[in-house]
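Everything on this sheet refers to the single structure shown next.
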Amino acid sequence: MLRKDWLRRELDTFDIYSLVHHDSQSTYYLMIGFIALYAAKYSFLISIYAVLIMIIIALVYGEMGSHFPVSGGSYVYVNYSLGKLIAFISVWLLALDQIIMIAYGTLDASNYLLTMISHIYSLHIDHKYLIVIALIISIILYILTLIGIRESANVAKIIAVIDIISIGILIIGFNMILLLLKGGFSTPPSFKWDRIDPVDMLIALALASRGFTGVDSIGQLAGEAKKPLTQIPRATFLLISIGSFFSLSLMILLMNIVSYNDLTTDPSLAIYLIASETPYITSITVVLSTINIFMIMIMASLTGYVSFSRLLYILSQYKTLPSYLGSIHRIFRTPHIALTTAFIISLPLILIGEISVLLEVYAIGSLINYLMVSISLALLSRRGSLYGGFSTLRIKGIPITSVIGVPTLSTALIIVILVKYFFMWVIGLWLIAGLLLYYLQKLSLKRSL
Amino acid sequence: MLFDSFDETIDKLIDILTENGYTVHVLTLPYRADHFTDRPVYIHVVEQSDLEEISEDADVSDFLRDIDFYNIEIVLLLSHNEDLNLKLARIIKKSGVPRVIIVVRSDEKRVEAEKENIQTINLSHCVLGRIQRILSLKFVRLTPIRGEIFMLESLVTGDMKIIGEKIGDLEDKYNIGITLLRGVDEIRNSEDEIIQEGDYLIAIGRRESLMELIK
């Protein structure tokens, strides 16, 4: 009898968007303060650059995703156009970012929680509690993703809605209306920071190039979408609209209502600073934004779990990694071994409690992957008969997203490598480990034949 | 891979195959492509003229470069044009696909196809039912008998909670009658018989009890 393992197709457009929202937004919430710190009066221009990179990546994924109804996203796309080895390298580098995201999301959420508690009760809390809470969060997320994607999507949806209300309506909407009514906007693009010269534009550009890492997760979820060929592009449009609005508005607010000096004390608290400068409803916005960012970090971790496990699932389906890594739980219908692997690999990173070195290499792999997917889209559209639910304008048969995407993403990658070249050994080690696994699997397949 | 039937059959078959965990590739004509964008399938378009002009000596990659036939398990050619179905089946069979099934109208084509190890389904039969049985696909059929009493037919699949249960226990619990078909021609209905994956389940009872049984 023919019997197959399969994932449940239960996700709607907003479910897909919600599961990616945190991954994409969390990176920007962290980066915005640092971008502003280094770019100073040019921060708004740099944030436009970051948004343009995000739009290009999202459109490439939207168009690619509208051709492929299966899980695996980047691997499936690159494998289709550039072959198995390039596809493996491309997603293996992406997987490193997903593991780092699990670790740094749980640690950062734990940090926010402890900061809030110590602030309220005026306590000094030992660093070891940061790790203990991060571990507890990671275990809860592991169980949640193990139980099922539907359950994860429901939690993700609630938190995405809270983020849209607290950041989108209460902080952005309220402040924008007040500034418009009072005529408080200064002249763009420098706004109130026109006398503050940039510290290092190259670092600012490098940060902005990595500002929206996580967009790729959208492609991983096609295998669980009810109507992937139309829902994946729709979810990317949501991502583009909400992501652009949030990013540009937050930077405008930062440069209009927060002083540069305040930002220099702790750039990671940029959203908190905007919330604390919101008049009339300060106490509400401060509490809500702190809780919100705590939850966003948790959800970014959850997305790390979901994306990493789906990547391993698809790699085992394509026999690039051992098949047991992709086995599906009989009851929950989730890739349980892959989820357990994600939990175990991220564990030491959480236990160290200090992931600054890994954060330095965060998102370089993603940028390489996005570049590969852009090239793959160009090749796919030139190649032939595969039909998609969404397509952009063609120039000589090549989608405009690829025409713009390939040179833009190459430039972004070069900028990031120029700034972070001394941390490239971490990526090198990860890549060597992956290639070792790849060739061992190839060898064992040959032997079994 | 499915070749478009250009009627409702293909939509129903896509639902059944995707529900059974298959990755489905649909081969269709350009004007029909949009019809499938709401389905979780790969859509491959080919010009009608290319299909008509292709010779039986051709290689499948001459007109379908985007499908990796090495990884295709089953090809179903469902169009009402039996000559085209047979021609495509021969070309695809050469590429090493283990199982090719075509829809035919005449006995002559059936004999011709089966000589070449190509399975056939006659268009005058229930095409969907035949495919379900040939591929042992998970399905549920409820037939009304009288009033609220229905007959349920279903293939027992690995994800059903009734696996490992005794017939007698389930009959008492749901107030229904159960018979199992196992293998080719075994009928099992004793109280102590344990339900196994792959059994063909027939049950009679109230609709809600039957739905509860297979939930």
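Following the order of the structure tokens, chains are lettered A, B, ..., residues in each are numbered from 1, and ligands are numbered from 1.
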
Q. Excluding same-chain residues fewer than 5 positions from Glu191 (chain B), what lies within 9 Å of it counting only C-alpha atoms, as a PyMOL selection string?
A. chain B and resi 166-169+171

Q: Considering only C-alpha atoms, extract the chain A residues located within 6 Å of chain B and return them as a list of chain:residue names.
A: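 Result, ordered by chain then number: A:Lys4, A:Trp6, A:Pro69, A:Lys227, A:Pro228, A:Leu229, A:Ser385, A:Leu386, A:Tyr387, A:Gly389.
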
Q: May I have all residues of region 162-207 of chain A that DSSP, computed from the backbone, assigns to alpha helix (DSSP H), given as a VMD selection string?
A: chain A and resid 162 to 163 174 to 182 201 to 207

Q) If you run DSSP on this backbone, which residues of region 2-188 of chain B come out as strand (DSSP E), and could you give them as a PyMOL selection string? A) chain B and resi 2-3+24-28+41-45+74-77+99-104+119-122+140-146+149-155+177-182+186-188

Surrounding residues of Gln317 (chain A) excluding itself and chain neighbours under 3 positions, 12 Å, only C-alpha atoms, as a short mmCIF file (atom, residue, chain, number, x, y, z; two decimals) with all heavy atoms, in the first residue's frame:
data_model
loop_
_atom_site.label_atom_id
_atom_site.label_comp_id
_atom_site.auth_asym_id
_atom_site.auth_seq_id
_atom_site.Cartn_x
_atom_site.Cartn_y
_atom_site.Cartn_z
N LYS A 4 2.13 7.88 2.80
CA LYS A 4 3.11 8.96 2.80
C LYS A 4 3.03 9.74 4.09
O LYS A 4 1.99 9.83 4.71
CB LYS A 4 2.80 9.91 1.65
CG LYS A 4 2.82 9.24 0.31
CD LYS A 4 3.41 10.15 -0.68
CE LYS A 4 3.93 9.36 -1.85
NZ LYS A 4 4.70 10.16 -2.74
N ASP A 5 4.18 10.29 4.48
CA ASP A 5 4.19 11.23 5.59
C ASP A 5 3.87 12.60 5.01
O ASP A 5 4.36 12.95 3.96
CB ASP A 5 5.58 11.29 6.21
CG ASP A 5 5.86 10.04 7.02
OD1 ASP A 5 4.89 9.46 7.52
OD2 ASP A 5 7.03 9.66 7.11
N TRP A 6 3.04 13.35 5.68
CA TRP A 6 2.77 14.68 5.14
C TRP A 6 2.44 15.65 6.26
O TRP A 6 1.99 15.27 7.33
CB TRP A 6 1.66 14.65 4.09
CG TRP A 6 0.30 14.33 4.60
CD1 TRP A 6 -0.67 15.21 4.96
CD2 TRP A 6 -0.27 13.02 4.77
NE1 TRP A 6 -1.80 14.55 5.35
CE2 TRP A 6 -1.59 13.20 5.25
CE3 TRP A 6 0.19 11.73 4.59
CZ2 TRP A 6 -2.43 12.14 5.54
CZ3 TRP A 6 -0.65 10.68 4.88
CH2 TRP A 6 -1.93 10.89 5.34
N VAL A 70 5.29 23.28 -2.13
CA VAL A 70 5.85 22.39 -1.10
C VAL A 70 6.69 23.15 -0.08
O VAL A 70 7.12 24.26 -0.32
CB VAL A 70 6.72 21.28 -1.74
CG1 VAL A 70 5.87 20.34 -2.55
CG2 VAL A 70 7.80 21.90 -2.63
N SER A 71 6.95 22.48 1.06
CA SER A 71 7.82 23.07 2.09
C SER A 71 9.25 23.10 1.57
O SER A 71 9.60 22.38 0.66
CB SER A 71 7.81 22.20 3.35
OG SER A 71 6.59 22.32 3.99
N GLY A 72 10.05 23.93 2.21
CA GLY A 72 11.48 23.91 1.86
C GLY A 72 11.98 25.22 1.31
O GLY A 72 13.16 25.50 1.35
N TYR A 75 15.55 26.01 -0.41
CA TYR A 75 16.20 24.81 -0.94
C TYR A 75 15.53 24.39 -2.25
O TYR A 75 16.20 24.11 -3.24
CB TYR A 75 16.15 23.65 0.06
CG TYR A 75 16.84 22.43 -0.50
CD1 TYR A 75 18.22 22.33 -0.48
CD2 TYR A 75 16.11 21.41 -1.11
CE1 TYR A 75 18.88 21.25 -1.04
CE2 TYR A 75 16.76 20.32 -1.68
CZ TYR A 75 18.14 20.23 -1.63
OH TYR A 75 18.78 19.17 -2.20
N VAL A 76 14.22 24.35 -2.23
CA VAL A 76 13.47 23.91 -3.41
C VAL A 76 13.75 24.87 -4.57
O VAL A 76 13.98 24.44 -5.70
CB VAL A 76 11.97 23.87 -3.09
CG1 VAL A 76 11.16 23.46 -4.30
CG2 VAL A 76 11.70 22.89 -1.96
N ARG A 310 11.64 22.80 9.30
CA ARG A 310 11.13 22.59 7.93
C ARG A 310 12.27 22.46 6.93
O ARG A 310 12.17 21.74 5.95
CB ARG A 310 10.19 23.72 7.51
CG ARG A 310 8.72 23.51 7.86
CD ARG A 310 8.51 23.23 9.30
NE ARG A 310 7.13 22.98 9.69
CZ ARG A 310 6.78 22.67 10.92
NH1 ARG A 310 7.69 22.55 11.86
NH2 ARG A 310 5.51 22.46 11.22
N LEU A 311 13.37 23.17 7.21
CA LEU A 311 14.53 23.05 6.32
C LEU A 311 15.12 21.65 6.40
O LEU A 311 15.39 21.02 5.36
CB LEU A 311 15.60 24.05 6.75
CG LEU A 311 15.75 25.31 5.92
CD1 LEU A 311 16.91 26.15 6.41
CD2 LEU A 311 15.94 24.98 4.47
N LEU A 312 15.29 21.15 7.62
CA LEU A 312 15.83 19.80 7.79
C LEU A 312 14.88 18.76 7.18
O LEU A 312 15.32 17.79 6.57
CB LEU A 312 16.04 19.50 9.28
CG LEU A 312 17.50 19.49 9.73
CD1 LEU A 312 18.19 20.80 9.42
CD2 LEU A 312 17.63 19.14 11.18
N TYR A 313 13.58 19.01 7.35
CA TYR A 313 12.57 18.10 6.80
C TYR A 313 12.75 17.99 5.28
O TYR A 313 12.81 16.90 4.73
CB TYR A 313 11.17 18.63 7.15
CG TYR A 313 10.03 17.94 6.44
CD1 TYR A 313 9.59 16.68 6.85
CD2 TYR A 313 9.39 18.53 5.35
CE1 TYR A 313 8.56 16.04 6.21
CE2 TYR A 313 8.35 17.90 4.70
CZ TYR A 313 7.94 16.66 5.13
OH TYR A 313 6.90 16.04 4.46
N ILE A 314 12.87 19.14 4.64
CA ILE A 314 12.95 19.12 3.18
C ILE A 314 14.30 18.56 2.72
O ILE A 314 14.38 17.84 1.73
CB ILE A 314 12.65 20.51 2.57
CG1 ILE A 314 12.18 20.38 1.11
CG2 ILE A 314 13.82 21.46 2.63
CD1 ILE A 314 10.81 19.86 0.96
N THR A 320 19.27 14.68 0.99
CA THR A 320 20.52 15.40 1.16
C THR A 320 21.04 15.21 2.57
O THR A 320 22.23 15.30 2.83
CB THR A 320 20.29 16.91 0.89
OG1 THR A 320 19.59 17.02 -0.34
CG2 THR A 320 21.57 17.68 0.79
N LEU A 321 20.11 14.97 3.51
CA LEU A 321 20.46 14.64 4.88
C LEU A 321 19.75 13.32 5.22
O LEU A 321 18.79 12.95 4.55
CB LEU A 321 20.02 15.76 5.83
CG LEU A 321 20.84 17.06 5.82
CD1 LEU A 321 20.26 18.07 6.81
CD2 LEU A 321 22.30 16.81 6.17
N PRO A 322 20.19 12.61 6.27
CA PRO A 322 19.55 11.33 6.60
C PRO A 322 18.04 11.45 6.79
O PRO A 322 17.56 12.45 7.33
CB PRO A 322 20.23 10.94 7.92
CG PRO A 322 21.53 11.66 7.91
CD PRO A 322 21.31 12.92 7.17
N SER A 323 17.31 10.41 6.36
CA SER A 323 15.84 10.48 6.33
C SER A 323 15.21 10.64 7.72
O SER A 323 14.15 11.25 7.86
CB SER A 323 15.26 9.25 5.63
OG SER A 323 15.67 8.11 6.34
N TYR A 324 15.89 10.09 8.76
CA TYR A 324 15.27 10.19 10.09
C TYR A 324 15.14 11.63 10.56
O TYR A 324 14.27 11.96 11.38
CB TYR A 324 16.03 9.34 11.12
CG TYR A 324 17.49 9.71 11.31
CD1 TYR A 324 17.85 10.77 12.14
CD2 TYR A 324 18.50 9.02 10.65
CE1 TYR A 324 19.19 11.13 12.30
CE2 TYR A 324 19.84 9.37 10.81
CZ TYR A 324 20.17 10.42 11.63
OH TYR A 324 21.48 10.79 11.78
N LEU A 325 15.99 12.52 10.02
CA LEU A 325 15.89 13.93 10.42
C LEU A 325 14.57 14.57 9.97
O LEU A 325 14.12 15.56 10.53
CB LEU A 325 17.06 14.73 9.83
CG LEU A 325 18.40 14.56 10.53
CD1 LEU A 325 19.51 15.25 9.76
CD2 LEU A 325 18.35 15.10 11.95
N GLY A 326 13.95 13.99 8.96
CA GLY A 326 12.71 14.57 8.45
C GLY A 326 11.47 13.80 8.83
O GLY A 326 10.38 14.09 8.33
N SER A 327 11.62 12.81 9.73
CA SER A 327 10.44 11.99 10.03
C SER A 327 9.35 12.80 10.74
O SER A 327 9.64 13.68 11.55
CB SER A 327 10.82 10.75 10.83
OG SER A 327 11.35 11.15 12.06
N ILE A 328 8.11 12.46 10.40
CA ILE A 328 6.96 13.21 10.88
C ILE A 328 6.30 12.46 12.04
O ILE A 328 6.10 11.24 11.96
CB ILE A 328 5.93 13.39 9.73
CG1 ILE A 328 6.55 14.18 8.57
CG2 ILE A 328 4.64 14.05 10.19
CD1 ILE A 328 6.77 15.63 8.83
N PRO A 335 7.59 17.74 12.10
CA PRO A 335 8.90 17.08 11.98
C PRO A 335 9.62 17.06 13.33
O PRO A 335 10.44 17.92 13.63
CB PRO A 335 9.64 17.94 10.95
CG PRO A 335 8.93 19.22 10.90
CD PRO A 335 7.56 19.06 11.45
N THR B 23 2.67 14.87 -3.57
CA THR B 23 2.99 16.14 -4.22
C THR B 23 2.50 15.99 -5.66
O THR B 23 2.91 15.06 -6.35
CB THR B 23 4.52 16.38 -4.21
OG1 THR B 23 4.94 16.39 -2.85
CG2 THR B 23 4.87 17.69 -4.86
N ASN B 71 11.91 11.26 -10.15
CA ASN B 71 11.26 11.26 -8.83
C ASN B 71 9.73 11.14 -8.90
O ASN B 71 9.06 11.31 -7.90
CB ASN B 71 11.62 12.54 -8.07
CG ASN B 71 13.05 12.49 -7.58
OD1 ASN B 71 13.51 11.46 -7.10
ND2 ASN B 71 13.77 13.58 -7.74
#

Q | Residue contacts of Leu273 (chain A) (12 Å, only C-alpha atoms) excluding same-chain residues fewer than 6 positions away, as a list in words | A |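 Here the qualifying residues turn out to be Tyr29, Ile32, Gly33, Ile171, Leu250, Met251, Leu253, Leu254, Met255, Asn256, Ile257, Val258, Ser259, Tyr260, Asn261, Asp262, Leu263, Thr264, Thr265, Asp266, Pro267, Thr282, Thr285, Val286, Val287, Ser289 and Thr290 of chain A.
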
Q | Polymer residues at most 9 Å from Gly183 (chain B), only C-alpha atoms, same-chain spacing of 2 or more positions, as a PyMOL selection string | A | chain B and resi 181+185-187+198-200

Go ahead and write the selection's residues with all heavy atoms as an mmCIF file, in the first residue's frame.
data_model
loop_
_atom_site.group_PDB
_atom_site.id
_atom_site.type_symbol
_atom_site.label_atom_id
_atom_site.label_comp_id
_atom_site.auth_asym_id
_atom_site.auth_seq_id
_atom_site.Cartn_x
_atom_site.Cartn_y
_atom_site.Cartn_z
ATOM 1 N N LEU B 181 -12.545 -5.781 5.084
ATOM 2 C CA LEU B 181 -11.994 -6.545 3.959
ATOM 3 C C LEU B 181 -10.488 -6.427 4.064
ATOM 4 O O LEU B 181 -9.960 -5.313 4.137
ATOM 5 C CB LEU B 181 -12.463 -5.965 2.624
ATOM 6 C CG LEU B 181 -13.972 -5.851 2.406
ATOM 7 C CD1 LEU B 181 -14.272 -5.300 1.017
ATOM 8 C CD2 LEU B 181 -14.635 -7.219 2.549
ATOM 9 N N ASP B 185 -9.260 -10.969 -0.669
ATOM 10 C CA ASP B 185 -10.634 -11.450 -0.550
ATOM 11 C C ASP B 185 -11.006 -11.961 0.842
ATOM 12 O O ASP B 185 -11.920 -12.757 1.000
ATOM 13 C CB ASP B 185 -10.889 -12.551 -1.606
ATOM 14 C CG ASP B 185 -9.874 -13.680 -1.487
ATOM 15 O OD1 ASP B 185 -9.022 -13.598 -0.579
ATOM 16 O OD2 ASP B 185 -9.924 -14.607 -2.300
ATOM 17 N N GLU B 186 -10.263 -11.508 1.867
ATOM 18 C CA GLU B 186 -10.605 -11.967 3.223
ATOM 19 C C GLU B 186 -11.679 -11.078 3.831
ATOM 20 O O GLU B 186 -11.557 -9.860 3.790
ATOM 21 C CB GLU B 186 -9.379 -11.885 4.137
ATOM 22 C CG GLU B 186 -8.340 -12.943 3.895
ATOM 23 C CD GLU B 186 -7.152 -12.720 4.817
ATOM 24 O OE1 GLU B 186 -7.334 -12.729 6.051
ATOM 25 O OE2 GLU B 186 -6.055 -12.498 4.288
ATOM 26 N N ILE B 187 -12.714 -11.706 4.387
ATOM 27 C CA ILE B 187 -13.741 -10.930 5.092
ATOM 28 C C ILE B 187 -13.579 -11.203 6.584
ATOM 29 O O ILE B 187 -13.570 -12.359 7.016
ATOM 30 C CB ILE B 187 -15.154 -11.335 4.628
ATOM 31 C CG1 ILE B 187 -15.312 -11.013 3.133
ATOM 32 C CG2 ILE B 187 -16.224 -10.603 5.450
ATOM 33 C CD1 ILE B 187 -16.610 -11.496 2.533
ATOM 34 N N GLY B 198 -4.498 -0.472 6.363
ATOM 35 C CA GLY B 198 -4.650 -1.099 5.059
ATOM 36 C C GLY B 198 -5.961 -1.861 4.915
ATOM 37 O O GLY B 198 -6.336 -2.252 3.809
ATOM 38 N N ASP B 199 -6.682 -2.080 6.042
ATOM 39 C CA ASP B 199 -7.997 -2.734 5.959
ATOM 40 C C ASP B 199 -8.992 -1.835 5.223
ATOM 41 O O ASP B 199 -8.899 -0.603 5.291
ATOM 42 C CB ASP B 199 -8.558 -2.991 7.370
ATOM 43 C CG ASP B 199 -7.876 -4.165 8.055
ATOM 44 O OD1 ASP B 199 -7.216 -4.950 7.357
ATOM 45 O OD2 ASP B 199 -8.009 -4.280 9.292
ATOM 46 N N TYR B 200 -9.943 -2.465 4.554
ATOM 47 C CA TYR B 200 -11.039 -1.721 3.934
ATOM 48 C C TYR B 200 -12.214 -1.860 4.902
ATOM 49 O O TYR B 200 -12.701 -2.959 5.147
ATOM 50 C CB TYR B 200 -11.356 -2.323 2.565
ATOM 51 C CG TYR B 200 -12.301 -1.487 1.740
ATOM 52 C CD1 TYR B 200 -11.807 -0.557 0.829
ATOM 53 C CD2 TYR B 200 -13.683 -1.635 1.848
ATOM 54 C CE1 TYR B 200 -12.664 0.215 0.061
ATOM 55 C CE2 TYR B 200 -14.548 -0.865 1.093
ATOM 56 C CZ TYR B 200 -14.034 0.054 0.201
ATOM 57 O OH TYR B 200 -14.889 0.822 -0.554
#
